[in-house]
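Next comes data-v9.cif, a file with mmCIF, C-alpha atoms.
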data_structure
#
loop_
_atom_site.label_atom_id
_atom_site.label_comp_id
_atom_site.auth_asym_id
_atom_site.auth_seq_id
_atom_site.Cartn_x
_atom_site.Cartn_y
_atom_site.Cartn_z
CA MET E 25 16.05 1.22 -0.95
CA LYS E 26 14.37 -1.75 0.65
CA ILE E 27 10.75 -2.61 1.31
CA CYS E 28 8.85 -5.19 3.34
CA LEU E 29 5.07 -5.50 3.46
CA LEU E 30 4.58 -6.45 7.09
CA ALA E 31 0.87 -7.14 6.58
CA SER E 32 -1.57 -6.58 3.75
CA GLY E 33 -5.31 -7.19 3.74
CA SER E 34 -8.58 -6.26 5.40
CA LYS E 35 -7.35 -7.29 8.88
CA GLY E 36 -4.37 -4.95 8.96
CA ASN E 37 -1.89 -3.17 6.70
CA SER E 38 1.63 -1.92 7.26
CA ILE E 39 4.52 -1.32 4.85
CA TYR E 40 8.15 -0.73 5.87
CA ILE E 41 10.38 1.27 3.50
CA GLU E 42 14.01 2.06 4.24
CA SER E 43 16.68 4.14 2.56
CA ARG E 44 20.15 4.83 3.94
CA ASN E 45 19.29 3.71 7.49
CA THR E 46 16.13 5.86 7.65
CA ALA E 47 12.77 4.08 7.54
CA ILE E 48 9.12 5.00 7.29
CA ILE E 49 5.94 3.02 7.80
CA ILE E 50 3.05 3.47 5.40
CA ASP E 51 -0.06 2.73 7.49
CA GLN E 52 -0.01 0.95 10.84
CA GLY E 53 -3.05 -1.30 11.06
CA LEU E 54 -1.37 -3.77 13.42
CA SER E 55 -1.05 -3.74 17.18
CA HIS E 56 2.28 -2.29 18.26
CA LYS E 57 3.27 -5.70 19.63
CA GLU E 58 2.55 -7.33 16.27
CA LEU E 59 4.45 -4.59 14.44
CA LYS E 60 7.54 -5.30 16.54
CA LYS E 61 7.14 -9.05 16.03
CA ARG E 62 6.95 -8.79 12.25
CA LEU E 63 9.88 -6.39 12.03
CA SER E 64 11.92 -8.80 14.13
CA LEU E 65 11.01 -11.72 11.88
CA ARG E 66 12.76 -9.93 9.02
CA GLY E 67 15.62 -8.51 11.06
CA LEU E 68 14.39 -4.93 10.65
CA ASP E 69 15.27 -2.27 13.22
CA LEU E 70 12.36 -0.53 14.93
CA ALA E 71 14.65 2.37 15.86
CA LYS E 72 15.18 3.30 12.21
CA ILE E 73 11.51 4.24 11.77
CA LYS E 74 11.20 8.04 11.68
CA ALA E 75 7.57 8.56 10.61
CA ILE E 76 4.21 6.95 9.95
CA LEU E 77 2.44 7.90 6.72
CA VAL E 78 -1.30 7.29 6.62
CA THR E 79 -3.18 6.61 3.38
CA HIS E 80 -6.70 6.90 4.84
CA GLU E 81 -8.65 6.46 8.03
CA HIS E 82 -10.14 2.96 7.68
CA SER E 83 -9.39 0.85 10.74
CA ASP E 84 -7.25 -1.75 8.97
CA HIS E 85 -4.80 1.07 8.20
CA ILE E 86 -4.73 3.05 11.47
CA THR E 87 -5.38 0.72 14.41
CA GLY E 88 -1.81 0.98 15.71
CA VAL E 89 -0.92 4.47 14.47
CA GLY E 90 -1.44 6.33 17.73
CA ILE E 91 0.29 3.92 20.05
CA SER E 92 3.23 3.34 17.70
CA ALA E 93 3.70 7.09 17.21
CA ARG E 94 3.73 7.59 20.98
CA TYR E 95 5.98 4.62 21.69
CA LEU E 96 8.54 5.59 19.05
CA GLY E 97 8.20 9.36 19.44
CA ILE E 98 7.71 9.87 15.71
CA PRO E 99 5.36 12.08 13.68
CA VAL E 100 2.24 10.99 11.83
CA TYR E 101 1.62 12.37 8.33
CA ALA E 102 -1.92 12.33 6.90
CA THR E 103 -4.28 14.55 4.94
CA THR E 104 -6.49 16.95 6.86
CA GLY E 105 -9.50 14.94 5.74
CA SER E 106 -8.06 11.73 7.15
CA LEU E 107 -7.03 13.44 10.39
CA THR E 108 -10.57 14.65 11.03
CA LYS E 109 -11.66 11.02 11.11
CA MET E 110 -8.75 9.79 13.22
CA ASP E 111 -9.02 11.92 16.34
CA LYS E 112 -10.01 9.00 18.60
CA ILE E 113 -6.66 7.26 18.14
CA PHE E 114 -4.66 10.26 19.42
CA ASN E 115 -4.29 11.58 22.98
CA GLY E 116 -2.78 14.96 22.08
CA SER E 117 0.84 14.08 22.77
CA GLU E 118 1.64 12.99 19.23
CA GLU E 119 3.20 15.14 16.53
CA VAL E 120 0.65 15.20 13.72
CA ILE E 121 1.50 16.77 10.37
CA ALA E 122 -1.16 17.57 7.78
CA ILE E 123 -0.20 16.92 4.16
CA GLU E 124 -1.83 17.68 0.82
CA SER E 125 -2.10 15.63 -2.32
CA GLY E 126 0.45 16.85 -4.84
CA MET E 127 2.63 18.57 -2.22
CA LYS E 128 5.87 16.67 -1.75
CA PHE E 129 7.83 16.51 1.51
CA SER E 130 11.00 14.82 2.73
CA ILE E 131 11.89 12.38 5.49
CA GLY E 132 15.64 11.87 5.67
CA PRO E 133 16.88 10.85 2.21
CA MET E 134 13.38 10.05 0.97
CA GLU E 135 11.22 12.48 -0.99
CA ILE E 136 7.55 11.62 -0.57
CA HIS E 137 4.95 12.43 -3.23
CA PRO E 138 1.34 11.91 -2.04
CA PHE E 139 -1.34 11.65 -4.73
CA SER E 140 -5.13 11.41 -4.63
CA ILE E 141 -6.96 8.15 -5.22
CA SER E 142 -10.58 7.04 -5.58
CA HIS E 143 -11.71 5.26 -2.41
CA ASP E 144 -14.63 5.61 0.01
CA ALA E 145 -12.65 7.54 2.61
CA GLU E 146 -12.09 11.21 3.49
CA ASP E 147 -9.38 12.59 1.16
CA PRO E 148 -7.38 9.36 0.73
CA VAL E 149 -3.90 9.34 -0.81
CA GLN E 150 -1.21 6.91 -1.80
CA TYR E 151 2.51 7.57 -2.13
CA CYS E 152 5.51 7.56 -4.43
CA ILE E 153 8.81 7.47 -2.56
CA HIS E 154 11.97 8.68 -4.27
CA SER E 155 15.52 8.21 -2.98
CA GLY E 156 18.39 9.01 -5.30
CA LYS E 157 17.45 7.58 -8.68
CA LYS E 158 15.14 4.93 -7.23
CA LYS E 159 11.35 5.08 -6.97
CA ILE E 160 8.84 2.98 -5.06
CA SER E 161 5.12 3.50 -5.64
CA VAL E 162 2.29 2.23 -3.45
CA VAL E 163 -1.26 2.12 -4.78
CA THR E 164 -3.84 0.09 -2.85
CA ASP E 165 -7.44 0.62 -1.68
CA ILE E 166 -8.40 2.18 -4.98
CA GLY E 167 -11.58 1.82 -6.96
CA PHE E 168 -10.11 2.44 -10.40
CA MET E 169 -6.88 3.54 -12.05
CA SER E 170 -7.31 7.16 -13.07
CA THR E 171 -5.03 8.87 -15.57
CA LEU E 172 -3.49 10.81 -12.68
CA VAL E 173 -2.60 7.67 -10.73
CA THR E 174 -1.24 5.91 -13.81
CA GLU E 175 1.02 8.87 -14.55
CA ARG E 176 2.22 9.05 -10.94
CA ILE E 177 3.36 5.42 -10.82
CA LYS E 178 5.12 5.35 -14.19
CA GLY E 179 8.86 4.91 -13.92
CA SER E 180 8.65 2.95 -10.68
CA ASP E 181 11.49 0.59 -9.86
CA LEU E 182 9.09 -1.24 -7.55
CA LEU E 183 5.30 -1.06 -7.54
CA VAL E 184 3.03 -2.22 -4.73
CA ILE E 185 -0.40 -2.55 -6.32
CA GLU E 186 -3.73 -3.81 -5.06
CA ALA E 187 -5.13 -7.00 -6.57
CA ASN E 188 -8.04 -7.27 -4.20
CA HIS E 189 -10.49 -9.60 -5.88
CA ASP E 190 -11.22 -11.97 -8.70
CA VAL E 191 -14.45 -10.70 -10.24
CA ASP E 192 -16.03 -14.16 -10.63
CA MET E 193 -15.12 -15.14 -7.08
CA LEU E 194 -16.58 -11.90 -5.79
CA VAL E 195 -19.84 -12.16 -7.74
CA ASN E 196 -20.36 -15.79 -6.73
CA GLY E 197 -18.98 -15.41 -3.23
CA PRO E 198 -20.52 -14.96 0.23
CA TYR E 199 -20.68 -11.16 0.41
CA PRO E 200 -24.13 -9.52 0.44
CA TRP E 201 -24.96 -7.80 -2.84
CA GLN E 202 -24.54 -4.29 -1.46
CA LEU E 203 -21.00 -5.09 -0.30
CA LYS E 204 -20.18 -6.70 -3.64
CA GLN E 205 -21.26 -3.50 -5.36
CA ARG E 206 -19.13 -1.42 -2.99
CA VAL E 207 -16.01 -3.53 -3.66
CA ARG E 208 -16.52 -3.41 -7.44
CA GLY E 209 -17.41 0.29 -7.51
CA ARG E 210 -15.25 3.27 -8.43
CA THR E 211 -14.52 3.99 -4.77
CA GLY E 212 -13.93 0.37 -3.81
CA HIS E 213 -11.06 -1.97 -4.61
CA LEU E 214 -9.02 -2.97 -7.65
CA SER E 215 -9.65 -6.34 -9.31
CA ASN E 216 -6.98 -8.77 -10.49
CA ARG E 217 -7.76 -7.83 -14.09
CA SER E 218 -7.37 -4.10 -13.46
CA ALA E 219 -4.12 -4.68 -11.58
CA ALA E 220 -2.78 -6.86 -14.39
CA GLU E 221 -3.66 -4.29 -17.05
CA THR E 222 -2.01 -1.52 -15.04
CA ILE E 223 1.18 -3.53 -14.56
CA PHE E 224 1.21 -4.39 -18.26
CA ASN E 225 0.73 -0.78 -19.34
CA ILE E 226 3.40 0.76 -17.11
CA SER E 227 5.93 -2.01 -17.85
CA LYS E 228 6.42 -1.07 -21.49
CA ASP E 229 9.49 1.03 -20.71
CA GLY E 230 11.06 -1.35 -18.20
CA LYS E 231 10.47 -4.22 -15.81
CA PRO E 232 9.60 -2.92 -12.34
CA LYS E 233 9.48 -5.29 -9.43
CA ILE E 234 5.83 -5.96 -8.59
CA VAL E 235 4.21 -6.75 -5.24
CA LEU E 236 0.51 -7.63 -5.35
CA ALA E 237 -1.24 -6.44 -2.20
CA HIS E 238 -4.54 -6.33 -0.27
CA ILE E 239 -5.61 -9.78 -1.48
CA SER E 240 -9.14 -10.56 -0.31
CA GLY E 241 -9.42 -13.57 1.97
CA GLU E 242 -12.90 -14.37 0.65
CA ASN E 243 -12.80 -13.30 -3.00
CA ASN E 244 -9.27 -14.04 -4.16
CA ARG E 245 -6.16 -16.17 -3.77
CA ALA E 246 -2.52 -15.36 -4.34
CA ASP E 247 -2.17 -17.95 -7.11
CA VAL E 248 -5.27 -16.64 -8.89
CA ALA E 249 -4.01 -13.04 -8.78
CA GLU E 250 -0.54 -13.97 -10.01
CA LYS E 251 -1.98 -16.13 -12.79
CA GLU E 252 -4.05 -13.20 -14.09
CA VAL E 253 -0.94 -11.03 -14.38
CA ARG E 254 1.25 -13.71 -15.95
CA GLU E 255 -1.37 -14.73 -18.51
CA LEU E 256 -1.77 -11.18 -19.77
CA PHE E 257 1.96 -10.89 -20.38
CA GLU E 258 2.11 -14.32 -22.03
CA LYS E 259 -0.81 -13.43 -24.29
CA HIS E 260 1.23 -10.57 -25.73
CA ASP E 261 4.55 -12.48 -25.76
CA ARG E 262 6.07 -10.19 -23.19
CA LYS E 263 8.23 -11.13 -20.24
CA LEU E 264 7.29 -10.28 -16.68
CA GLY E 265 10.00 -9.52 -14.16
CA TYR E 266 9.85 -9.96 -10.39
CA LEU E 267 6.37 -10.76 -9.04
CA LEU E 268 5.55 -11.29 -5.36
CA THR E 269 2.25 -11.47 -3.47
CA ALA E 270 1.89 -9.98 0.01
CA SER E 271 0.12 -11.82 2.82
CA GLN E 272 -2.16 -10.92 5.70
CA THR E 273 -0.51 -13.37 8.07
CA GLU E 274 3.23 -12.89 7.58
CA PRO E 275 5.67 -10.29 6.25
CA THR E 276 7.02 -10.57 2.74
CA PRO E 277 10.71 -11.13 2.11
CA ILE E 278 12.70 -7.90 2.07
CA VAL E 279 12.89 -6.60 -1.50
CA GLU E 280 15.75 -4.30 -2.49
CA ILE E 281 16.03 -1.98 -5.47
#
Turn the structure described in the file into structure tokens.
Amino acid sequence: MKICLLASGSKGNSIYIESRNTAIIIDQGLSHKELKKRLSLRGLDLAKIKAILVTHEHSDHITGVGISARYLGIPVYATTGSLTKMDKIFNGSEEVIAIESGMKFSIGPMEIHPFSISHDAEDPVQYCIHSGKKKISVVTDIGFMSTLVTERIKGSDLLVIEANHDVDMLVNGPYPWQLKQRVRGRTGHLSNRSAAETIFNISKDGKPKIVLAHISGENNRADVAEKEVRELFEKHDRKLGYLLTASQTEPTPIVEI
């Protein structure tokens, strides 16, 4: 399996995952033109994409969903709750498939396991993707790590996890207080500390590759997020494996497992 985070952040999100020449996109918050550009930058083939999976209906995750689905002639998978909030991006010609948390489905060689998360959206989910003996888990836009989510992402060979904000930077930053409360709340976004603790806890039985995602442009920096993770491992004399931080402005390197 291979993965490339084409964009990650509040201005647009899109993740490319491929297995045995079949690819999916998790979220499409870019213009279709920008999607093609970023795929090309990494030598990825647009024609391999067979489906778009939506996590939730916020605009930074769905801006390009409708047009890309129409252009590529591929289905869109989302929960019924998300679909009720997304009707304006469709014109009726798209194939739209409703999914449920906990109900797995397959796309080519990939088995997809959607699971519920805590976020201020209508029935949001994230995904574990299995192909053969390999597992990729994606968990972003989440207010806190529930027991359910922690159990779902255990055993991942690669984990994409939100490290949205540094708490001190958020508290002392430019956001109005109400927005700060929303970000820090149980339906908001995951802090660097929470991401680090999650990575530490699920790494006890192995060393998954880690991609930190959805870094805030105002309340975080890549070096700050990475430092939080590394320091927690160093504090307990444990080694951390592969660690990469995704960007809003350019795609990550292609990571293979």
Resolved residues for the PyMOL selection byres ((chain E and resi 235-241) around 8) as a ChimeraX atom specification
/E:32-34,164-165,182-189,233-234,242-246,249-250,267-272
Residues near Arg254 of chain E, cut-off 12 Å, all atoms listed in the file, skip fewer than 5 positions along chain, as a compact mmCIF listing (two decimals) with C-alpha atoms, in the coordinates of the input:
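Full text of out26.txt as output:
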# COMPACT_ATOMS: atom_id res chain seq x y z
CA ASN E 216 -6.98 -8.77 -10.49
CA ARG E 217 -7.76 -7.83 -14.09
CA ALA E 219 -4.12 -4.68 -11.58
CA ALA E 220 -2.78 -6.86 -14.39
CA GLU E 221 -3.66 -4.29 -17.05
CA ILE E 223 1.18 -3.53 -14.56
CA PHE E 224 1.21 -4.39 -18.26
CA ILE E 234 5.83 -5.96 -8.59
CA ASP E 247 -2.17 -17.95 -7.11
CA VAL E 248 -5.27 -16.64 -8.89
CA ALA E 249 -4.01 -13.04 -8.78
CA LYS E 259 -0.81 -13.43 -24.29
CA HIS E 260 1.23 -10.57 -25.73
CA ASP E 261 4.55 -12.48 -25.76
CA ARG E 262 6.07 -10.19 -23.19
CA LYS E 263 8.23 -11.13 -20.24
CA LEU E 264 7.29 -10.28 -16.68
CA GLY E 265 10.00 -9.52 -14.16
CA TYR E 266 9.85 -9.96 -10.39
CA LEU E 267 6.37 -10.76 -9.04
CA LEU E 268 5.55 -11.29 -5.36
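For the atom pair formed by atom CA of Arg210 of chain E and atom CA of Phe257 of chain E, the distance is 25.3 Å, given to one decimal.
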Between E:Val279, E:Val89, E:Ile48, E:Val163, single out the one closest to Pro133 of chain E, counting all atoms listed in the file.
E:Ile48
Would you kindly return, as number ranges by chain, each protein, DNA or RNA residue with an atom no farther than 9 Å from any atom of Lys159 of chain E, considering all atoms listed in the file and excluding same-chain residues fewer than 4 positions away?
E: 25, 152-155, 177, 179-183, 281
Keeping only C-alpha atoms, write those residues as a tab-separated table (two decimals), keeping the file's coordinate frame.
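Output (part_3.tsv):
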chain	number	residue	atom	x	y	z
E	25	MET	CA	16.05	1.22	-0.95
E	152	CYS	CA	5.51	7.56	-4.43
E	153	ILE	CA	8.81	7.47	-2.56
E	154	HIS	CA	11.97	8.68	-4.27
E	155	SER	CA	15.52	8.21	-2.98
E	177	ILE	CA	3.36	5.42	-10.82
E	179	GLY	CA	8.86	4.91	-13.92
E	180	SER	CA	8.65	2.95	-10.68
E	181	ASP	CA	11.49	0.59	-9.86
E	182	LEU	CA	9.09	-1.24	-7.55
E	183	LEU	CA	5.30	-1.06	-7.54
E	281	ILE	CA	16.03	-1.98	-5.47
Have a look at atom CA of Val78 of chain E and atom CA of Thr276 of chain E and let me know their distance in Å, one decimal.
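Computed distance, atom CA of Val78 of chain E to atom CA of Thr276 of chain E, equals 20.1 Å.
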Figure out the distance between atom CA of Gln150 of chain E and atom CA of Lys26 of chain E, please, to one decimal in Å.
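Interatomic distance, atom CA of Lys26 of chain E to atom CA of Gln150 of chain E: 18.0 Å.
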Result set of the PyMOL selection byres ((chain E and resi 109-126) around 12) on the coordinates above, as a PyMOL selection string:
chain E and resi 52-53+74-83+85-108+127-130+136-141+145-152+172-173+176
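Between Thr171 of chain E and the residues E:Ile41, E:Met134, E:Met193, E:Ile226, the shortest atom-to-atom distance, using all atoms listed in the file, involves E:Ile226.
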